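Student: Contents of model-v6.pdb (PDB, C-alpha atoms):
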ATOM      1  CA  MET A   1     149.927  -6.737 127.029
ATOM      2  CA  ALA A   2     152.767  -9.057 126.058
ATOM      3  CA  ASP A   3     151.685  -8.666 122.428
ATOM      4  CA  PHE A   4     152.954  -5.079 122.631
ATOM      5  CA  ALA A   5     155.642  -5.222 125.342
ATOM      6  CA  LEU A   6     157.711  -7.969 123.736
ATOM      7  CA  PRO A   7     157.945  -6.316 120.285
ATOM      8  CA  ALA A   8     158.744  -2.967 121.941
ATOM      9  CA  LEU A   9     161.525  -4.494 124.050
ATOM     10  CA  PHE A  10     162.850  -6.401 121.036
ATOM     11  CA  ALA A  11     162.965  -3.219 118.936
ATOM     12  CA  LEU A  12     164.632  -1.307 121.761
ATOM     13  CA  PHE A  13     167.282  -3.967 122.262
ATOM     14  CA  ILE A  14     168.147  -4.535 118.596
ATOM     15  CA  TRP A  15     168.352  -0.745 118.012
ATOM     16  CA  TRP A  16     170.637  -0.264 121.009
ATOM     17  CA  PHE A  17     172.806  -3.327 120.401
ATOM     18  CA  SER A  18     173.209  -2.915 116.628
ATOM     19  CA  THR A  19     174.223   0.747 117.049
ATOM     20  CA  GLY A  20     176.792  -0.129 119.705
ATOM     21  CA  ALA A  21     178.158  -3.038 117.649
ATOM     22  CA  ILE A  22     178.663  -0.791 114.617
ATOM     23  CA  LEU A  23     180.446   1.817 116.749
ATOM     24  CA  TRP A  24     182.656  -0.884 118.252
ATOM     25  CA  LEU A  25     183.622  -2.335 114.860
ATOM     26  CA  ASP A  26     184.265   1.142 113.512
ATOM     27  CA  GLY A  27     186.606   1.872 116.416
ATOM     28  CA  LEU A  28     188.877  -1.062 115.596
ATOM     29  CA  PRO A  29     192.061  -0.538 113.541
ATOM     30  CA  ALA A  30     191.429   0.318 109.878
ATOM     31  CA  ARG A  31     193.023  -2.963 108.781
ATOM     32  CA  THR A  32     189.936  -4.768 110.126
ATOM     33  CA  TYR A  33     187.485  -2.782 107.995
ATOM     34  CA  ARG A  34     187.654  -5.056 104.969
ATOM     35  CA  ILE A  35     186.742  -8.091 107.035
ATOM     36  CA  SER A  36     183.965  -6.185 108.807
ATOM     37  CA  MET A  37     182.502  -4.930 105.528
ATOM     38  CA  ALA A  38     182.737  -8.366 103.949
ATOM     39  CA  GLY A  39     180.804  -9.781 106.880
ATOM     40  CA  ALA A  40     178.299  -6.927 106.721
ATOM     41  CA  THR A  41     177.760  -7.546 103.002
ATOM     42  CA  LEU A  42     176.976 -11.203 103.694
ATOM     43  CA  VAL A  43     174.534 -10.084 106.372
ATOM     44  CA  LEU A  44     172.983  -7.648 103.877
ATOM     45  CA  ALA A  45     172.498 -10.457 101.351
ATOM     46  CA  ALA A  46     170.897 -12.606 104.069
ATOM     47  CA  ALA A  47     168.684  -9.662 105.102
ATOM     48  CA  LEU A  48     167.426  -9.130 101.550
ATOM     49  CA  TRP A  49     166.706 -12.838 101.288
ATOM     50  CA  GLY A  50     164.899 -12.709 104.632
ATOM     51  CA  LEU A  51     162.838  -9.733 103.466
ATOM     52  CA  SER A  52     161.839 -11.589 100.331
ATOM     53  CA  ALA A  53     161.043 -14.791 102.241
ATOM     54  CA  SER A  54     158.976 -13.048 104.923
ATOM     55  CA  ALA A  55     157.174 -10.643 102.580
ATOM     56  CA  ALA A  56     154.394 -13.160 101.962
ATOM     57  CA  ASP A  57     154.073 -14.061 105.650
ATOM     58  CA  PRO A  58     151.672 -11.720 107.505
ATOM     59  CA  SER A  59     152.242 -13.419 110.866
ATOM     60  CA  VAL A  60     153.873 -12.321 114.110
ATOM     61  CA  LEU A  61     156.973 -14.339 113.239
ATOM     62  CA  GLY A  62     156.997 -12.746 109.790
ATOM     63  CA  ALA A  63     156.836  -9.294 111.392
ATOM     64  CA  TYR A  64     159.811 -10.101 113.627
ATOM     65  CA  CYS A  65     161.798 -11.396 110.658
ATOM     66  CA  ALA A  66     160.948  -8.455 108.394
ATOM     67  CA  PHE A  67     161.720  -5.844 111.052
ATOM     68  CA  SER A  68     165.076  -7.445 111.867
ATOM     69  CA  CYS A  69     166.032  -7.753 108.214
ATOM     70  CA  GLY A  70     165.044  -4.150 107.476
ATOM     71  CA  LEU A  71     167.209  -2.971 110.353
ATOM     72  CA  LEU A  72     170.141  -5.129 109.217
ATOM     73  CA  ALA A  73     169.837  -3.757 105.688
ATOM     74  CA  TRP A  74     170.172  -0.270 107.138
ATOM     75  CA  ALA A  75     173.131  -1.349 109.309
ATOM     76  CA  TRP A  76     175.140  -1.989 106.143
ATOM     77  CA  GLN A  77     174.634   1.650 105.149
ATOM     78  CA  GLU A  78     175.863   2.869 108.523
ATOM     79  CA  MET A  79     178.966   0.685 108.422
ATOM     80  CA  ALA A  80     179.818   1.625 104.829
ATOM     81  CA  PHE A  81     179.590   5.290 105.784
ATOM     82  CA  LEU A  82     181.455   5.210 109.092
ATOM     83  CA  MET A  83     184.231   3.039 107.696
ATOM     84  CA  GLY A  84     184.714   5.435 104.787
ATOM     85  CA  TYR A  85     183.624   3.144 101.943
ATOM     86  CA  ALA A  86     180.597   5.264 100.992
ATOM     87  CA  THR A  87     181.093   8.920 101.821
ATOM     88  CA  GLY A  88     181.444  11.409  98.976
ATOM     89  CA  PRO A  89     183.729  12.731  96.227
ATOM     90  CA  SER A  90     185.018  15.458  98.556
ATOM     91  CA  ARG A  91     186.845  14.718 101.783
ATOM     92  CA  ALA A  92     187.909  18.249 102.565
ATOM     93  CA  PRO A  93     186.619  20.215 105.555
ATOM     94  CA  CYS A  94     184.266  23.112 105.016
ATOM     95  CA  PRO A  95     186.242  26.335 104.424
ATOM     96  CA  PRO A  96     185.824  28.873 107.239
ATOM     97  CA  ASP A  97     183.054  31.436 106.867
ATOM     98  CA  THR A  98     181.339  29.455 104.075
ATOM     99  CA  THR A  99     177.581  29.926 104.273
ATOM    100  CA  GLY A 100     174.369  29.503 102.322
ATOM    101  CA  TRP A 101     174.043  27.434  99.190
ATOM    102  CA  ARG A 102     177.783  26.862  98.825
ATOM    103  CA  ARG A 103     177.993  25.339 102.285
ATOM    104  CA  PHE A 104     175.076  23.051 101.456
ATOM    105  CA  THR A 105     176.589  21.892  98.158
ATOM    106  CA  LEU A 106     179.942  21.226  99.809
ATOM    107  CA  ALA A 107     178.221  19.226 102.542
ATOM    108  CA  LEU A 108     176.315  17.244  99.923
ATOM    109  CA  ARG A 109     179.533  16.464  98.066
ATOM    110  CA  ALA A 110     180.998  15.153 101.311
ATOM    111  CA  ILE A 111     178.219  12.526 101.711
ATOM    112  CA  LEU A 112     176.924  12.089  98.147
ATOM    113  CA  TYR A 113     177.977   8.441  97.721
ATOM    114  CA  HIS A 114     176.367   7.610 101.050
ATOM    115  CA  GLU A 115     173.070   9.131  99.952
ATOM    116  CA  LEU A 116     173.179   7.286  96.634
ATOM    117  CA  ALA A 117     173.936   4.015  98.436
ATOM    118  CA  ILE A 118     170.892   4.566 100.665
ATOM    119  CA  ILE A 119     168.701   5.077  97.595
ATOM    120  CA  ALA A 120     170.091   1.913  95.993
ATOM    121  CA  GLY A 121     169.417   0.037  99.231
ATOM    122  CA  ALA A 122     165.853   1.330  99.300
ATOM    123  CA  VAL A 123     165.287   0.120  95.733
ATOM    124  CA  ALA A 124     166.593  -3.344  96.699
ATOM    125  CA  VAL A 125     164.405  -3.519  99.816
ATOM    126  CA  VAL A 126     161.281  -2.373  97.980
ATOM    127  CA  ALA A 127     161.961  -4.817  95.148
ATOM    128  CA  ALA A 128     162.341  -7.693  97.631
ATOM    129  CA  THR A 129     158.934  -7.013  99.173
ATOM    130  CA  TRP A 130     157.020  -5.568  96.237
ATOM    131  CA  ASP A 131     153.251  -6.172  96.220
ATOM    132  CA  GLN A 132     153.381  -8.484  99.253
ATOM    133  CA  PRO A 133     151.284  -8.294 102.443
ATOM    134  CA  ASN A 134     154.226  -7.981 104.848
ATOM    135  CA  GLN A 135     155.775  -4.536 104.357
ATOM    136  CA  ILE A 136     157.207  -4.136 107.883
ATOM    137  CA  GLY A 137     160.796  -4.521 106.661
ATOM    138  CA  THR A 138     160.363  -1.916 103.934
ATOM    139  CA  TRP A 139     158.705   0.544 106.303
ATOM    140  CA  THR A 140     161.497  -0.050 108.829
ATOM    141  CA  TYR A 141     164.169   0.882 106.297
ATOM    142  CA  LEU A 142     162.236   3.892 104.993
ATOM    143  CA  LEU A 143     161.400   5.092 108.509
ATOM    144  CA  ILE A 144     165.051   5.057 109.578
ATOM    145  CA  TRP A 145     166.017   6.795 106.349
ATOM    146  CA  GLY A 146     163.525   9.592 106.888
ATOM    147  CA  MET A 147     164.481  10.089 110.526
ATOM    148  CA  ARG A 148     168.207  10.072 109.697
ATOM    149  CA  GLN A 149     167.684  12.706 107.018
ATOM    150  CA  SER A 150     165.887  14.877 109.531
ATOM    151  CA  ALA A 151     168.699  14.449 112.069
ATOM    152  CA  LYS A 152     171.333  15.306 109.447
ATOM    153  CA  LEU A 153     169.519  18.485 108.480
ATOM    154  CA  ASN A 154     169.161  19.520 112.115
ATOM    155  CA  VAL A 155     172.873  19.007 112.748
ATOM    156  CA  PHE A 156     173.683  20.921 109.567
ATOM    157  CA  LEU A 157     171.413  23.813 110.546
ATOM    158  CA  GLY A 158     172.599  23.858 114.136
ATOM    159  CA  ALA A 159     172.106  21.977 117.416
ATOM    160  CA  ARG A 160     173.449  21.993 120.954
ATOM    161  CA  ASN A 161     174.823  18.433 120.871
ATOM    162  CA  LEU A 162     176.521  17.531 117.603
ATOM    163  CA  ASN A 163     177.724  14.085 118.734
ATOM    164  CA  GLU A 164     181.134  14.519 117.110
ATOM    165  CA  ASN A 165     182.404  11.613 119.217
ATOM    166  CA  PHE A 166     180.469   9.250 116.983
ATOM    167  CA  LEU A 167     182.648  10.259 114.027
ATOM    168  CA  PRO A 168     185.831   8.182 113.629
ATOM    169  CA  PRO A 169     189.115  10.044 113.083
ATOM    170  CA  HIS A 170     189.012   9.589 109.295
ATOM    171  CA  LEU A 171     185.618  11.339 109.144
ATOM    172  CA  ARG A 172     186.311  14.183 111.567
ATOM    173  CA  TYR A 173     186.347  16.616 108.641
ATOM    174  CA  LEU A 174     182.567  16.190 108.454
ATOM    175  CA  GLY A 175     182.314  17.979 111.772
ATOM    176  CA  SER A 176     183.296  21.212 110.015
ATOM    177  CA  PHE A 177     179.852  21.189 108.373
ATOM    178  CA  PHE A 178     178.049  21.080 111.739
ATOM    179  CA  LEU A 179     176.812  24.178 113.515
ATOM    180  CA  ARG A 180     176.596  24.484 117.276
ATOM    181  CA  ARG A 181     173.631  26.535 118.426
ATOM    182  CA  PRO A 182     170.811  25.976 120.935
ATOM    183  CA  MET A 183     168.267  25.125 118.232
ATOM    184  CA  ASN A 184     167.346  25.784 114.610
ATOM    185  CA  LEU A 185     164.055  26.683 112.970
ATOM    186  CA  LEU A 186     163.571  23.200 111.512
ATOM    187  CA  PHE A 187     163.777  21.384 114.849
ATOM    188  CA  PRO A 188     160.292  22.221 116.249
ATOM    189  CA  PHE A 189     158.637  21.081 113.021
ATOM    190  CA  ALA A 190     160.792  17.949 112.755
ATOM    191  CA  VAL A 191     160.226  16.796 116.330
ATOM    192  CA  THR A 192     156.483  17.575 116.110
ATOM    193  CA  LEU A 193     156.078  15.504 112.944
ATOM    194  CA  ALA A 194     158.146  12.685 114.473
ATOM    195  CA  THR A 195     155.952  12.721 117.580
ATOM    196  CA  LEU A 196     152.758  12.657 115.515
ATOM    197  CA  LEU A 197     154.104   9.775 113.427
ATOM    198  CA  THR A 198     154.984   7.857 116.594
ATOM    199  CA  ALA A 199     151.474   8.384 117.947
ATOM    200  CA  LEU A 200     149.919   7.285 114.626
ATOM    201  CA  LEU A 201     151.961   4.083 114.503
ATOM    202  CA  PHE A 202     151.107   3.143 118.089
ATOM    203  CA  HIS A 203     147.461   3.967 117.367
ATOM    204  CA  ARG A 204     147.550   1.464 114.507
ATOM    205  CA  ALA A 205     149.169  -1.110 116.791
ATOM    206  CA  LEU A 206     146.539  -0.632 119.529
ATOM    207  CA  ALA A 207     143.531  -0.378 117.217
ATOM    208  CA  PRO A 208     140.666  -2.699 118.332
ATOM    209  CA  GLY A 209     140.540  -4.544 115.019
ATOM    210  CA  ALA A 210     144.307  -4.977 114.605
ATOM    211  CA  THR A 211     145.528  -8.499 113.925
ATOM    212  CA  ASP A 212     148.438  -9.984 115.870
ATOM    213  CA  PHE A 213     150.657  -9.266 112.875
ATOM    214  CA  GLN A 214     149.572  -5.627 112.730
ATOM    215  CA  ALA A 215     149.930  -5.203 116.488
ATOM    216  CA  ALA A 216     153.497  -6.537 116.456
ATOM    217  CA  GLY A 217     154.519  -4.801 113.237
ATOM    218  CA  PHE A 218     153.224  -1.365 114.154
ATOM    219  CA  THR A 219     154.655  -1.715 117.659
ATOM    220  CA  PHE A 220     158.061  -2.277 116.062
ATOM    221  CA  LEU A 221     157.633   0.800 113.912
ATOM    222  CA  GLY A 222     156.178   2.922 116.708
ATOM    223  CA  THR A 223     159.043   2.048 119.039
ATOM    224  CA  LEU A 224     161.551   2.852 116.322
ATOM    225  CA  ALA A 225     159.870   6.196 115.644
ATOM    226  CA  ALA A 226     159.842   6.960 119.377
ATOM    227  CA  LEU A 227     163.567   6.214 119.618
ATOM    228  CA  ALA A 228     164.261   8.421 116.599
ATOM    229  CA  THR A 229     162.237  11.204 118.230
ATOM    230  CA  LEU A 230     164.308  10.757 121.392
ATOM    231  CA  GLU A 231     167.474  11.019 119.294
ATOM    232  CA  HIS A 232     166.191  14.352 118.001
ATOM    233  CA  TRP A 233     165.726  15.605 121.560
ATOM    234  CA  PHE A 234     169.282  14.492 122.350
ATOM    235  CA  LEU A 235     170.413  17.101 119.829
ATOM    236  CA  VAL A 236     169.108  20.013 121.899
ATOM    237  CA  LEU A 237     168.946  18.786 125.500
ATOM    238  CA  PRO A 238     171.992  18.713 127.808
ATOM    239  CA  ILE A 239     172.028  14.925 127.840
ATOM    240  CA  PRO A 240     175.126  12.970 126.699
ATOM    241  CA  ALA A 241     173.811  10.458 124.165
ATOM    242  CA  GLU A 242     177.257   8.815 124.090
ATOM    243  CA  ALA A 243     176.560   7.276 127.502
ATOM    244  CA  LEU A 244     174.081   4.867 125.902
ATOM    245  CA  TRP A 245     176.849   3.281 123.827
ATOM    246  CA  ASP A 246     179.863   3.730 126.078
ATOM    247  CA  TRP A 247     180.722   0.081 125.562
ATOM    248  CA  GLY A 248     180.712   0.481 121.777
ATOM    249  CA  LEU A 249     182.972   3.543 121.881
ATOM    250  CA  ARG A 250     185.610   1.853 124.034
ATOM    251  CA  SER A 251     187.269   0.316 120.984
ATOM    252  CA  ARG A 252     188.348   3.857 120.009
ATOM    253  CA  GLU A 253     190.335   4.364 123.179
ATOM    254  CA  ALA A 254     194.068   4.578 122.458
ATOM    255  CA  PRO A 255     195.913   1.619 123.980
ATOM    256  CA  LYS A 256     198.265   2.530 126.783
ATOM    257  CA  PRO A 257     201.955   2.067 125.980
ATOM    258  CA  ALA A 258     203.396  -1.078 127.444
ATOM    259  CA  GLN A 259     205.488  -0.523 130.560
ATOM    260  CA  PRO A 260     208.733  -2.483 130.927
ATOM    261  CA  GLU A 261     208.554  -5.108 133.596
ATOM    262  CA  LEU A 262     210.803  -4.228 136.511
ATOM    263  CA  HIS A 263     212.704  -6.867 138.449
ATOM    264  CA  PRO A 264     214.443  -6.174 141.777
ATOM    265  CA  ALA A 265     217.655  -7.794 140.547
ATOM    266  CA  ARG A 266     218.047  -5.069 137.888
ATOM    267  CA  PHE A 267     218.363  -2.236 140.410
ATOM    268  CA  ARG A 268     221.857  -1.062 141.349
ATOM    269  CA  ALA A 269     222.848   1.364 144.040
ATOM    270  CA  GLY A 270     224.031   4.663 142.598
ATOM    271  CA  PRO A 271     224.389   8.293 143.403
ATOM    272  CA  ALA A 272     221.312  10.202 144.352
ATOM    273  CA  PRO A 273     219.934  12.426 141.572
ATOM    274  CA  ALA A 274     220.822  16.073 141.737
ATOM    275  CA  ALA A 275     218.198  18.289 143.341
TER     276      ALA A 275
END
Could I get this structure in the form of structure tokens?
Tutor:
Amino acid sequence: MADFALPALFALFIWWFSTGAILWLDGLPARTYRISMAGATLVLAAALWGLSASAADPSVLGAYCAFSCGLLAWAWQEMAFLMGYATGPSRAPCPPDTTGWRRFTLALRAILYHELAIIAGAVAVVAATWDQPNQIGTWTYLLIWGMRQSAKLNVFLGARNLNENFLPPHLRYLGSFFLRRPMNLLFPFAVTLATLLTALLFHRALAPGATDFQAAGFTFLGTLAALATLEHWFLVLPIPAEALWDWGLRSREAPKPAQPELHPARFRAGPAPAA
């Protein structure tokens, strides 16, 4: 049982903690972004090296390493987007009453560089693990990419919870491309496919002939797919997803103005204020 519980708990923790850490860094003053991105780029380089080093290691330890590195490679994409380094050529809000194809093209222009950066990252991850037995890191990156694309489309087409609080002030214009409605026609298909994929991955993990490496690796992927499916449900259910990362969002809270320290010796008797 521990062969499945430990990888599931590890995937749950690293997903939760990495998301909160990114939100916390993104909520710091903009002057810190260069340092944060420089650190994230070093982590990305280490992740690509780790993917390459673990690609030939079909062991449980290799699965842990590959999954972690795949997730860290994706974390760079999230930070580059949220900090405004990879967004799009247009940073203007969607004009009112814009619909159809024009609204889609404007939305794409707002995130085009981000999408291209994701593709470049995918090429780097695939190249680092090409034709090797350990593909857990590559599948991790591609799985998150696919689930994120589905979530973006659902928010674009309309959802109950748009999670605007996750957008920093300099990206609030992206909220103008979101639609608030109970559900959209894509959602049932998206969540059904995500559920089936989750079941398939856990089936591979629990298969009688699965090796320890396969059990751990597919448990990582199945847990990640389950969490992504849960994120989809957060879009339509009256559940505040922000509560999961309250600690990460605290860095966005405006500091209270300092109050002057009052000393008794400074008070002087004077006339009472007029009523």
Student: May I have a table of the residues of range 150-251 of chain A lying at most 9 Å from range 13-30 of chain A, giving each one's closest pair of atoms and their distance in Å to one decimal, counting only C-alpha atoms, ordered by chain and ascending residue number, as a Markdown table?
Tutor:
| residue | atom | partner | partner_atom | distance |
| --- | --- | --- | --- | --- |
| A:Phe166 | CA | A:Leu23 | CA | 7.4 |
| A:Pro168 | CA | A:Gly27 | CA | 6.9 |
| A:Leu224 | CA | A:Trp15 | CA | 7.9 |
| A:Leu227 | CA | A:Trp15 | CA | 8.6 |
| A:Leu244 | CA | A:Trp16 | CA | 7.9 |
| A:Trp245 | CA | A:Gly20 | CA | 5.3 |
| A:Asp246 | CA | A:Gly20 | CA | 8.1 |
| A:Trp247 | CA | A:Gly20 | CA | 7.1 |
| A:Gly248 | CA | A:Trp24 | CA | 4.3 |
| A:Leu249 | CA | A:Trp24 | CA | 5.7 |
| A:Arg250 | CA | A:Trp24 | CA | 7.0 |
| A:Ser251 | CA | A:Gly27 | CA | 4.9 |
Student: Just the selected residues (C-alpha atoms), exported as an mmCIF file, keeping the file's coordinate frame, please.
Tutor:
data_model
loop_
_atom_site.group_PDB
_atom_site.id
_atom_site.type_symbol
_atom_site.label_atom_id
_atom_site.label_comp_id
_atom_site.auth_asym_id
_atom_site.auth_seq_id
_atom_site.Cartn_x
_atom_site.Cartn_y
_atom_site.Cartn_z
ATOM 1 C CA PHE A 166 180.469 9.250 116.983
ATOM 2 C CA PRO A 168 185.831 8.182 113.629
ATOM 3 C CA LEU A 224 161.551 2.852 116.322
ATOM 4 C CA LEU A 227 163.567 6.214 119.618
ATOM 5 C CA LEU A 244 174.081 4.867 125.902
ATOM 6 C CA TRP A 245 176.849 3.281 123.827
ATOM 7 C CA ASP A 246 179.863 3.730 126.078
ATOM 8 C CA TRP A 247 180.722 0.081 125.562
ATOM 9 C CA GLY A 248 180.712 0.481 121.777
ATOM 10 C CA LEU A 249 182.972 3.543 121.881
ATOM 11 C CA ARG A 250 185.610 1.853 124.034
ATOM 12 C CA SER A 251 187.269 0.316 120.984
#
Student: For the structure provided, state which residues fall under the PyMOL selection byres ((chain A and resi 117-131) around 7), and present them as a list in words.
Tutor: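 So the PyMOL selection byres ((chain A and resi 117-131) around 7), applied here, picks out Leu48, Leu51, Ser52, Ala55, Gln77, Tyr113, His114, Glu115, Leu116, Gln132, Pro133, Gln135 and Thr138 of chain A.
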Student: Once the PyMOL selection byres ((chain A and resi 222) around 9) is applied to the coordinates I shared, what remains selected? I want it as a PyMOL selection string.
Tutor: chain A and resi 8+197-203+205+217-221+223-227
Student: Please give the centre and size of the box around range 188-202 of chain A (axis-aligned, containing every atom listed in the file, 5 Å added per side), with values in Å to one decimal and written as AutoDock Vina command-line options.
Tutor:
--center_x 155.4 --center_y 12.7 --center_z 115.4 --size_x 20.9 --size_y 29.1 --size_z 15.3
Student: Name the residues in contact with range 147-155 of chain A at a cut-off of 8 Å, using only C-alpha atoms, excluding same-chain residues fewer than 6 positions from it; report them as a list in words.
Tutor: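 After dropping sequence-adjacent residues, the list is Leu162, Phe178, Leu179, Asn184, Leu186, Phe187, Ala190, Ala194, Ala225, Ala228, His232 and Leu235 of chain A.
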Student: Under the rule that only C-alpha atoms are counted, which of A:Ala92, A:Leu142, A:Met183, A:Leu237 is the nearest residue to Leu108 in chain A?
Tutor: A:Ala92
Student: Given the choices A:Ala73, A:Phe67, A:Gly62, A:Ala56, which gets closest to Val43 in chain A if the distance is worked out from all atoms listed in the file?
Tutor: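 So, comparing all the options, the nearest one is A:Ala73.
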